[in-house]
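Right, one structure below, let's go through it.
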Amino acid sequence: MLHCRRHAAQSLDRCQEEPGIAELPADFSRVRAGDPPVALTFYYGAGSPYAWRVWLALEHKGIPYERKVLSFAEGDPKKPEFVALNPRGKVLAIADGDFRLYESAAIVEYLDDAYPDYGKRLFPGSVRDRALVRRMVCEADSYVAAAMNRLVRSVLFTKPDEWNPERMTAARDELLAELARWPAAFRGDYLAGPLSAADYTLYPLVALALRCEKKQPDLALRERLPQRIGAWMQGVEILPFFPKTWPAHWK
Ligand SMILES: N[C@@H](CCC(=O)N[C@@H](CS)C(=O)NCC(=O)O)C(=O)O
């Protein structure tokens, strides 16, 4: 997807300016005396819904990690040291010891498989329960992300003096039509019943869409969200680790 790169070219709002890869201090907040050294490095970009998903998953499981932020404006994702991790030059990637992985959905599955004894499962329950979580992840990535991207392109990646109200409204309504499908899929307070990878996949996509409303309040997106989606978002936002994952430049 192009949205972060375009954004970097047109505005510095969403993919914020942060120190480059090499300058960043490690986040050892979960490491206690006597713990083994941190093996996992999380390379991310602020405001990327794909990176946000992985960050929430890392926190959910309580896996120690070192966090390194990439600056879109500095072109960090296209620098050789990052392209060595992700040849697509897209945020994000992890390095776990000598194992490197990109694509957020694959990373979340890896974390659950590689760290089965850490925290709660990201794909909890029976084979069928886990299949339903995977189905929701696929639906979010295929349908919600596509609609969200059209909205983001029409609002955040278009200069305000070039905004096309019809295009913005159409993108908003397309996203709302997709989100209207989701309340019927809920299996409990969270999407799959217990918290799961499905929640961490969908939440950042909807949050980024709502970011468009902050730029263009006429969208009135939040008030049009299905009530169940609004309540579910609050259920994610009350998680103790949630605040630290909120994009710093959105505060
Ligand atoms: N399918 C990828 C999507 C990654 C992606 O699109 N990342 C965006 C940031 S939100 C990016 O790096 N875009 C820059 C580009 O396309 O050049 C994943 O889930 O990790």
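Identifiers in the structure tokens: chain A, B, ... in order shown; residue index from 1 per chain; ligand index from 1 in order shown.
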Residue contacts of A:Tyr203 (12 Å, only C-alpha atoms) excluding same-chain residues fewer than 6 positions away, as a short mmCIF file (atom, residue, chain, number, x, y, z; two decimals) with C-alpha atoms, in the first residue's frame:
data_model
loop_
_atom_site.label_atom_id
_atom_site.label_comp_id
_atom_site.auth_asym_id
_atom_site.auth_seq_id
_atom_site.Cartn_x
_atom_site.Cartn_y
_atom_site.Cartn_z
CA SER A 48 0.90 2.38 10.29
CA PRO A 49 -2.12 0.19 11.07
CA TYR A 50 -0.08 -2.90 10.15
CA ALA A 51 2.68 -2.05 12.59
CA TRP A 52 0.11 -1.14 15.23
CA ARG A 53 -1.42 -4.61 14.95
CA VAL A 54 1.93 -6.23 15.68
CA LEU A 56 -0.68 -4.72 20.18
CA ALA A 57 0.05 -8.42 19.64
CA MET A 136 -11.87 -12.19 10.47
CA VAL A 137 -8.23 -11.25 9.93
CA ALA A 140 -10.31 -7.05 7.74
CA ASP A 141 -7.24 -7.14 5.51
CA VAL A 144 -11.93 -3.09 5.61
CA ALA A 145 -8.36 -2.15 4.68
CA MET A 148 -10.08 2.48 4.73
CA LEU A 179 -18.35 -2.06 8.90
CA TYR A 190 -14.55 -8.95 21.51
CA LEU A 191 -14.80 -10.08 17.93
CA LEU A 195 -9.44 -10.95 22.72
CA SER A 196 -7.66 -12.20 19.64
CA ALA A 197 -5.65 -11.29 16.57
CA ALA A 209 -10.22 5.93 9.30
CA LEU A 210 -11.39 7.96 12.28
CA ILE A 229 -18.22 -1.13 16.81
CA GLY A 230 -17.94 2.00 18.96
CA ALA A 231 -18.39 -0.02 22.16
CA TRP A 232 -15.88 -2.62 20.98
CA MET A 233 -13.31 0.08 20.23
CA GLN A 234 -13.65 1.31 23.80
CA GLY A 235 -13.06 -2.26 24.94
CA VAL A 236 -9.73 -2.27 23.11
CA GLU A 237 -8.82 1.21 24.35
CA PHE A 242 -3.12 0.28 24.77
CA THR A 245 0.77 1.99 21.36
CA TRP A 246 -1.22 5.07 20.36
#
Quick one: residues within 9 Å of A:Ser154, only C-alpha atoms counted, chain neighbours fewer than 6 positions away excluded, as a list of chain:residue names?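 With the cut-off at 9 Å, the set is A:Trp163, A:Asn164, A:Pro165, A:Arg167, A:Met168, A:Ala171.
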Just-selected residues, C-alpha atoms written as a CSV table (one decimal), in the first residue's frame:
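Output contents, as saved in selection-v5.csv:
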chain,number,residue,atom,x,y,z
A,163,TRP,CA,-10.5,17.8,-1.5
A,164,ASN,CA,-13.5,16.4,-3.5
A,165,PRO,CA,-16.5,16.2,-1.1
A,167,ARG,CA,-15.2,11.3,-3.3
A,168,MET,CA,-14.7,11.6,0.4
A,171,ALA,CA,-15.3,6.5,0.5
Shell of 6 Å around stretch 97-112 of chain A, only C-alpha atoms, local chain residues under 5 positions omitted, as a list in words: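 Residues near the query, excluding close chain neighbours: Ala39, Tyr50, Asn86 and Leu122 of chain A.
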Using all heavy atoms, can you write the selected residues to a file as a compact mmCIF listing (two decimals), in the first residue's frame?
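Once written, part-v7.txt looks like this:
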# COMPACT_ATOMS: atom_id res chain seq x y z
N ALA A 39 15.58 -10.73 22.30
CA ALA A 39 16.02 -11.26 21.01
C ALA A 39 15.23 -10.64 19.87
O ALA A 39 15.67 -10.64 18.73
CB ALA A 39 15.83 -12.77 20.98
N TYR A 50 -0.65 -1.54 10.19
CA TYR A 50 -0.08 -2.90 10.15
C TYR A 50 0.94 -3.06 11.28
O TYR A 50 0.98 -4.09 11.95
CB TYR A 50 0.53 -3.16 8.77
CG TYR A 50 -0.49 -2.86 7.70
CD1 TYR A 50 -0.45 -1.68 6.96
CD2 TYR A 50 -1.56 -3.73 7.49
CE1 TYR A 50 -1.42 -1.38 6.02
CE2 TYR A 50 -2.54 -3.44 6.55
CZ TYR A 50 -2.46 -2.26 5.82
OH TYR A 50 -3.44 -1.96 4.91
N ASN A 86 12.99 -6.27 4.98
CA ASN A 86 11.75 -6.35 4.20
C ASN A 86 12.04 -5.84 2.79
O ASN A 86 12.07 -4.63 2.55
CB ASN A 86 10.64 -5.52 4.86
CG ASN A 86 9.32 -5.63 4.10
OD1 ASN A 86 9.29 -6.10 2.95
ND2 ASN A 86 8.25 -5.20 4.71
N LEU A 122 -3.13 -15.44 20.83
CA LEU A 122 -3.72 -14.50 19.87
C LEU A 122 -4.76 -15.21 19.00
O LEU A 122 -5.63 -14.57 18.41
CB LEU A 122 -2.62 -13.91 19.00
CG LEU A 122 -1.69 -12.94 19.73
CD1 LEU A 122 -0.36 -12.80 19.01
CD2 LEU A 122 -2.37 -11.59 19.88
Of the listed residues A:Arg172, A:Arg187, A:Arg181, A:Lys159, that which approaches A:Asp199 most closely, counting only C-alpha atoms: A:Arg187
Which residues come within 9 Å of A:Gly89, counting only C-alpha atoms, excluding same-chain residues fewer than 2 positions away, as a VMD selection string? chain A and resid 76 to 80 82 to 87 91 to 92
Residues from the last selection, C-alpha atoms, saved as a tab-separated table (two decimals), in the first residue's frame:
chain	number	residue	atom	x	y	z
A	76	ASP	CA	13.95	4.78	6.30
A	77	PRO	CA	11.80	1.95	4.86
A	78	LYS	CA	13.69	2.21	1.57
A	79	LYS	CA	17.16	2.28	3.12
A	80	PRO	CA	19.32	-0.79	2.50
A	82	PHE	CA	15.66	-2.02	6.30
A	83	VAL	CA	15.23	-3.46	2.81
A	84	ALA	CA	17.47	-6.27	4.04
A	85	LEU	CA	14.67	-7.06	6.50
A	86	ASN	CA	11.75	-6.35	4.20
A	87	PRO	CA	12.64	-6.33	0.49
A	91	VAL	CA	6.73	-0.92	7.28
A	92	LEU	CA	7.01	-3.26	9.12
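In this comparison, which uses only C-alpha atoms, the residue of A:Pro226, A:Pro243, A:Pro116, A:Gly45 approaching A:Leu175 most closely is A:Pro226.
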What does the distance from atom 7 (N, counted along the ligand's line) of ligand 1 to atom CA of A:Lys215 come to in Å, to one decimal?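 Interatomic distance, atom 7 (N, counted along the ligand's line) of ligand 1 to atom CA of A:Lys215: 21.1 Å.
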Using only C-alpha atoms, which of A:Leu208, A:Leu156, A:Ala147, A:Leu132 sits nearest A:Phe186?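 The answer is A:Leu132, which sits nearest to A:Phe186.
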Considering only strand (DSSP E) as DSSP defines it on the backbone, what residues of stretch 72-229 of chain A qualify? List them as an mmCIF file with N, CA and C atoms, in the first residue's frame.
data_model
loop_
_atom_site.group_PDB
_atom_site.id
_atom_site.type_symbol
_atom_site.label_atom_id
_atom_site.label_comp_id
_atom_site.auth_asym_id
_atom_site.auth_seq_id
_atom_site.Cartn_x
_atom_site.Cartn_y
_atom_site.Cartn_z
ATOM 1 N N ALA A 93 8.613 -4.842 9.962
ATOM 2 C CA ALA A 93 9.356 -6.110 9.986
ATOM 3 C C ALA A 93 9.739 -6.413 11.429
ATOM 4 N N ILE A 94 10.050 -7.675 11.664
ATOM 5 C CA ILE A 94 10.658 -8.049 12.949
ATOM 6 C C ILE A 94 11.920 -8.863 12.656
ATOM 7 N N ALA A 95 12.813 -8.829 13.623
ATOM 8 C CA ALA A 95 13.955 -9.746 13.621
ATOM 9 C C ALA A 95 13.926 -10.440 14.975
ATOM 10 N N ASP A 96 13.843 -11.744 14.947
ATOM 11 C CA ASP A 96 13.817 -12.521 16.188
ATOM 12 C C ASP A 96 15.060 -13.401 16.170
ATOM 13 N N PHE A 99 16.123 -14.775 12.775
ATOM 14 C CA PHE A 99 14.943 -14.978 11.921
ATOM 15 C C PHE A 99 14.286 -13.633 11.628
ATOM 16 N N ARG A 100 14.078 -13.361 10.349
ATOM 17 C CA ARG A 100 13.476 -12.098 9.949
ATOM 18 C C ARG A 100 12.136 -12.352 9.286
ATOM 19 N N LEU A 101 11.174 -11.459 9.563
ATOM 20 C CA LEU A 101 9.840 -11.678 8.999
ATOM 21 C C LEU A 101 9.165 -10.342 8.740
ATOM 22 N N TYR A 102 8.470 -10.259 7.613
ATOM 23 C CA TYR A 102 7.610 -9.108 7.322
ATOM 24 C C TYR A 102 6.226 -9.613 6.972
#
Selected residue, from A:Gly193, A:Gly119, A:Glu66, A:Thr201, that lies nearest to ligand 1 when counting only C-alpha atoms and all ligand atoms: A:Thr201
Taking only stretch 2-222 of chain A into account, list the residues labelled helix (DSSP H, G or I) by DSSP (computed from the backbone), as number ranges by chain. A: 3-10, 21-23, 49-61, 76-78, 80-83, 104-114, 127-155, 160-162, 165-179, 183-185, 197-215, 217-219, 222
Closest of A:Thr41, A:His60, A:Leu205, A:Asp117 to ligand 1 - atom-to-atom distances counting only C-alpha atoms and all ligand atoms: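 Ranked by minimum distance to ligand 1, first place goes to A:Leu205.
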For ligand 1, the nearest of the candidates A:Glu59, A:Pro64, A:Leu202, A:Arg88, counting only C-alpha atoms and all ligand atoms: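 Using only C-alpha atoms and all ligand atoms, ligand 1 sits closest to A:Arg88.
What separates atom CA of A:Leu239 from atom CA of A:Tyr200 is a distance of 11.5 Å.
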Computed interatomic separation between atom CA of A:Tyr65 and atom CA of A:Tyr43 (Å):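 Atom-to-atom, atom CA of A:Tyr65 and atom CA of A:Tyr43 are spaced 10.2 Å apart.
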